[in-house]
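Text of entry_19.csv (CSV, C-alpha atoms) as supplied:
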chain,number,residue,atom,x,y,z
A,1,MET,CA,152.8,180.1,255.9
A,2,SER,CA,149.8,181.6,257.8
A,3,LYS,CA,146.7,183.4,256.7
A,4,THR,CA,145.6,186.7,258.0
A,5,ALA,CA,142.1,187.2,259.1
A,6,PHE,CA,140.6,190.6,259.8
A,7,LEU,CA,138.0,190.9,262.5
A,8,TYR,CA,135.7,194.0,262.2
A,9,SER,CA,133.8,194.9,265.3
A,10,ASN,CA,133.1,197.7,267.7
A,11,THR,CA,135.2,196.2,270.5
A,12,PRO,CA,138.3,194.0,270.4
A,13,PRO,CA,137.8,190.4,271.2
A,14,SER,CA,138.6,189.0,274.6
A,15,ALA,CA,141.5,186.6,274.8
A,16,ALA,CA,139.1,183.7,275.0
A,17,GLN,CA,137.1,185.0,271.9
A,18,GLU,CA,140.3,185.5,270.0
A,19,LYS,CA,141.4,182.0,270.8
A,20,ARG,CA,138.1,180.5,269.6
A,21,PHE,CA,138.2,182.6,266.4
A,22,ILE,CA,141.7,181.4,265.6
A,23,GLU,CA,140.8,177.8,266.3
A,24,PHE,CA,137.7,178.0,264.1
A,25,LEU,CA,139.6,179.7,261.3
A,26,SER,CA,142.6,177.4,261.5
A,27,SER,CA,140.3,174.4,261.3
A,28,GLN,CA,138.5,175.9,258.3
A,29,TYR,CA,141.7,176.6,256.3
A,30,GLY,CA,143.9,173.8,257.6
A,31,GLU,CA,146.7,176.2,258.5
A,32,GLU,CA,147.7,178.8,261.1
A,33,VAL,CA,145.7,182.0,261.1
A,34,THR,CA,146.7,185.4,262.5
A,35,LEU,CA,143.7,187.5,263.7
A,36,VAL,CA,143.9,191.3,263.2
A,37,TRP,CA,141.1,193.4,264.9
A,38,LYS,CA,139.7,196.5,263.1
A,39,ASN,CA,137.3,198.9,264.8
A,40,THR,CA,134.0,199.5,262.9
A,41,ASN,CA,132.5,201.9,265.4
A,42,SER,CA,129.2,200.1,264.9
A,43,GLU,CA,126.8,200.0,267.8
A,44,ASP,CA,125.0,196.8,267.1
A,45,GLY,CA,127.5,194.4,268.5
A,46,SER,CA,127.9,192.5,265.3
A,47,PHE,CA,131.1,191.4,263.7
A,48,LYS,CA,132.6,190.2,260.4
A,49,ILE,CA,135.7,188.2,259.7
A,50,GLU,CA,137.4,188.4,256.4
A,51,VAL,CA,140.0,185.9,255.2
A,52,ASP,CA,141.2,186.6,251.7
A,53,SER,CA,138.0,186.9,249.7
A,54,GLU,CA,135.8,184.9,252.1
A,55,VAL,CA,133.6,186.8,254.6
A,56,PHE,CA,132.0,185.4,257.8
A,57,ASP,CA,129.3,188.0,258.4
A,58,TRP,CA,127.6,188.0,261.8
A,59,SER,CA,125.8,191.3,261.4
A,60,ALA,CA,122.0,191.2,261.4
A,61,GLU,CA,122.0,191.5,257.6
A,62,GLY,CA,124.5,188.7,257.3
A,63,ARG,CA,122.5,186.4,259.5
A,64,LEU,CA,119.4,187.2,257.6
A,65,LEU,CA,121.2,186.3,254.4
A,66,GLN,CA,122.4,183.0,255.9
A,67,LEU,CA,118.8,182.3,256.9
A,68,LYS,CA,117.6,183.1,253.4
A,69,GLU,CA,120.3,180.8,251.9
A,70,ALA,CA,119.5,178.0,254.3
A,71,LEU,CA,115.8,178.2,253.5
A,72,ALA,CA,116.4,178.3,249.8
A,73,ALA,CA,118.6,175.2,250.0
A,74,SER,CA,116.1,173.3,252.3
A,75,GLU,CA,114.5,170.1,251.1
A,76,GLU,CA,111.2,171.4,252.3
A,77,LEU,CA,111.3,174.4,249.9
A,78,LYS,CA,112.5,172.3,247.1
A,79,ALA,CA,109.6,169.9,247.6
A,80,TYR,CA,107.2,172.8,247.9
A,81,ASN,CA,108.4,174.3,244.6
A,82,GLU,CA,108.2,170.9,242.8
A,83,ALA,CA,104.7,170.3,244.2
A,84,LYS,CA,103.6,173.9,243.2
A,85,LYS,CA,104.9,173.3,239.7
A,86,ALA,CA,103.0,170.1,239.4
A,87,TYR,CA,99.9,171.7,240.9
A,88,ASP,CA,100.0,174.6,238.5
A,89,ALA,CA,100.5,172.2,235.5
A,90,ASP,CA,97.7,169.9,236.5
A,91,GLU,CA,95.1,171.1,234.0
A,92,GLU,CA,92.4,168.7,235.1
A,93,LEU,CA,92.7,169.7,238.8
A,94,ASN,CA,92.7,173.4,237.9
A,95,LYS,CA,89.5,172.9,235.7
A,96,LEU,CA,87.8,171.2,238.7
A,97,ILE,CA,88.8,174.0,241.1
A,98,ASN,CA,87.6,176.6,238.7
A,99,GLU,CA,84.3,174.8,238.1
A,100,TYR,CA,83.9,174.4,241.9
A,101,ASN,CA,84.4,178.2,242.4
A,102,VAL,CA,82.0,179.1,239.7
A,103,GLN,CA,79.3,176.7,240.9
A,104,ALA,CA,79.8,177.9,244.5
A,105,ALA,CA,79.4,181.5,243.4
A,106,ILE,CA,76.2,180.7,241.5
A,107,LEU,CA,74.9,178.7,244.5
A,108,GLU,CA,75.7,181.6,246.8
A,109,GLN,CA,74.0,184.1,244.5
A,110,GLU,CA,70.9,181.9,244.3
A,111,GLY,CA,70.9,181.5,248.1
A,112,ARG,CA,70.8,185.3,248.6
A,113,LYS,CA,67.5,185.6,246.8
A,114,PRO,CA,64.3,185.8,248.9
A,115,GLU,CA,63.1,182.3,249.6
A,116,ALA,CA,60.1,182.6,247.3
A,117,GLU,CA,62.3,183.5,244.4
A,118,ARG,CA,64.9,180.7,244.8
A,119,ASP,CA,65.1,178.0,242.2
A,120,THR,CA,65.2,174.9,244.4
A,121,ALA,CA,65.9,172.5,241.5
A,122,LEU,CA,68.9,174.7,240.5
A,123,ILE,CA,70.1,174.7,244.1
A,124,GLU,CA,69.8,170.9,244.4
A,125,SER,CA,71.5,170.4,241.0
A,126,ILE,CA,74.4,172.7,241.8
A,127,SER,CA,74.8,171.2,245.3
A,128,THR,CA,75.0,167.7,243.9
A,129,ARG,CA,77.6,168.8,241.3
A,130,LEU,CA,79.6,170.7,244.0
A,131,ARG,CA,79.8,167.5,246.1
A,132,GLU,CA,81.0,165.5,243.0
A,133,VAL,CA,83.6,168.1,242.1
A,134,TYR,CA,84.7,168.5,245.7
A,135,ASP,CA,85.2,164.7,245.9
A,136,ASN,CA,87.3,164.7,242.7
A,137,ILE,CA,89.4,167.6,243.9
A,138,THR,CA,90.1,166.0,247.3
A,139,GLU,CA,91.1,162.7,245.7
A,140,SER,CA,93.8,164.5,243.6
A,141,LYS,CA,97.3,163.2,244.3
A,142,THR,CA,98.6,166.5,243.0
A,143,LEU,CA,96.6,168.4,245.6
A,144,ALA,CA,97.6,166.0,248.4
A,145,ALA,CA,101.3,166.4,247.5
A,146,MET,CA,100.9,170.2,247.5
A,147,ARG,CA,99.2,170.2,250.9
A,148,ASP,CA,101.9,168.0,252.3
A,149,ALA,CA,104.7,170.2,251.0
A,150,GLU,CA,102.9,173.3,252.3
A,151,ALA,CA,102.6,171.7,255.7
A,152,SER,CA,106.3,170.8,255.8
A,153,LEU,CA,107.3,174.3,254.7
A,154,SER,CA,105.0,175.9,257.2
A,155,LEU,CA,106.7,174.1,260.1
A,156,ILE,CA,110.0,175.8,259.1
A,157,VAL,CA,108.4,179.2,258.6
A,158,ASN,CA,106.5,179.0,261.9
A,159,ALA,CA,109.7,178.1,263.7
A,160,ILE,CA,111.4,181.1,262.2
A,161,ASN,CA,108.5,183.3,263.1
A,162,ASP,CA,108.5,181.9,266.7
A,163,ALA,CA,112.2,182.5,267.1
A,164,VAL,CA,111.8,186.2,266.0
A,165,ARG,CA,108.7,186.7,268.2
A,166,PHE,CA,110.3,185.1,271.3
A,167,THR,CA,113.4,187.3,270.8
A,168,ILE,CA,111.1,190.4,270.8
A,169,GLU,CA,108.8,189.1,273.6
A,170,PRO,CA,110.8,186.5,275.6
A,171,GLU,CA,108.1,186.1,278.1
A,172,GLN,CA,105.9,184.6,275.4
A,173,ALA,CA,108.4,181.7,275.0
A,174,ASN,CA,106.9,179.9,278.0
A,175,CYS,CA,103.2,180.7,277.2
A,176,THR,CA,101.1,177.5,277.0
A,177,HIS,CA,97.9,179.4,276.1
A,178,ASP,CA,96.4,177.7,279.1
A,179,CYS,CA,95.8,180.6,281.5
A,180,SER,CA,95.4,178.2,284.4
A,181,THR,CA,99.2,177.5,284.3
A,182,CYS,CA,100.4,181.0,285.0
A,183,GLY,CA,99.7,184.2,286.8
A,184,GLY,CA,98.4,185.8,283.6
A,185,CYS,CA,99.6,188.0,280.8
A,186,HIS,CA,101.3,191.3,281.6

Rewrite the structure from the file as structure tokens, please.
Amino acid sequence: MSKTAFLYSNTPPSAAQEKRFIEFLSSQYGEEVTLVWKNTNSEDGSFKIEVDSEVFDWSAEGRLLQLKEALAASEELKAYNEAKKAYDADEELNKLINEYNVQAAILEQEGRKPEAERDTALIESISTRLREVYDNITESKTLAAMRDAEASLSLIVNAINDAVRFTIEPEQANCTHDCSTCGGCH
């Protein structure tokens, strides 16, 4: 018994494409597959294949959905979400960060005063406390885990952004940002 797959696109597949589709689908389902082409009259060159209730969607929307699902399933996003949860739950760290922000605002406010009106003892006291609080914050294992998770996730997000940017502006793909290596931009 064979399955029937429906290919929706604006042009029929070439013989080579049809062969690859059939080979792919047969390997997916472990049985012979018949491919039936249906015209979509779409202009974007995308295609979808439906087999029973399963859809292989290669439209722009389908590819974005695949990207979203892959990102959501990535270990980097899972690690980030776990680190963020721990960061949000770390009451001691959040108290230190809040204290740092309040103390820094007071110090900034005092620093804006004319020099003759500044309370140098207050400035020194706040500066000392800021250094202590800063050291405690930077020693936090929770914060270190959060920063590591953010850095790992940023690598993926930056790669996605680069892929999109280089698709839009392919000439930028070879840019080294060292102007001595090329004839210049545009």

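Taking CA of Lys141 in chain A and CA of Tyr87 in chain A as endpoints, the distance between them is 9.5 Å.
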
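Between Lys38 in chain A and the candidates A:Phe166, A:Phe21, A:Tyr134, A:Tyr8, the tightest atom-to-atom separation, counting all atoms listed in the file, involves A:Tyr8.
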
Exercise. Which is closest to Leu130 in chain A among A:Leu96, A:Val51, A:Ala60, A:Ala15, if we use all atoms listed in the file?
Worked result: A:Leu96

For this session: Quick one: pull the distance between CA of Ala16 in chain A and CA of Trp58 in chain A, Å, one decimal.
Result: 18.0 Å

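Reported to one decimal place, the separation of CA of Ala105 in chain A from CA of Asp88 in chain A is 22.3 Å.
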
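Around Glu75 in chain A, within 10 Å and counting all atoms listed in the file, the residues found are Ala70, Tyr80, Asn81, Ala149, Ser152 and Leu153 of chain A, once anything fewer than 5 positions away on its own chain is removed.
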
Problem set entry | Nearest to Ile97 in chain A, chosen from A:Leu143, A:Ala5, A:Ile160, A:Val36, with all atoms listed in the file counted in the distances | A:Leu143

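Among the candidates A:Lys48, A:Arg129, A:Lys95, A:Arg20, the residue lying nearest to Phe6 in chain A is A:Lys48 (atoms considered: all atoms listed in the file).
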
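Among the candidates A:Phe56, A:Asn41, A:Ser9, A:Ser154, the one nearest to Phe24 in chain A when counting only C-alpha atoms is A:Phe56.
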
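With only C-alpha atoms as the atoms that count, the residue of A:Glu169, A:Glu18, A:Asp162, A:Asp148 with the shortest distance to Leu77 in chain A is A:Asp148.
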
For this session: May I have the protein, DNA and RNA residues with any atom at most 12 Å from the point (86.8, 174.1, 236.5), counting all atoms listed in the file, written as a PyMOL selection string?
Result: chain A and resi 90-104+129-130+133-134+136-137
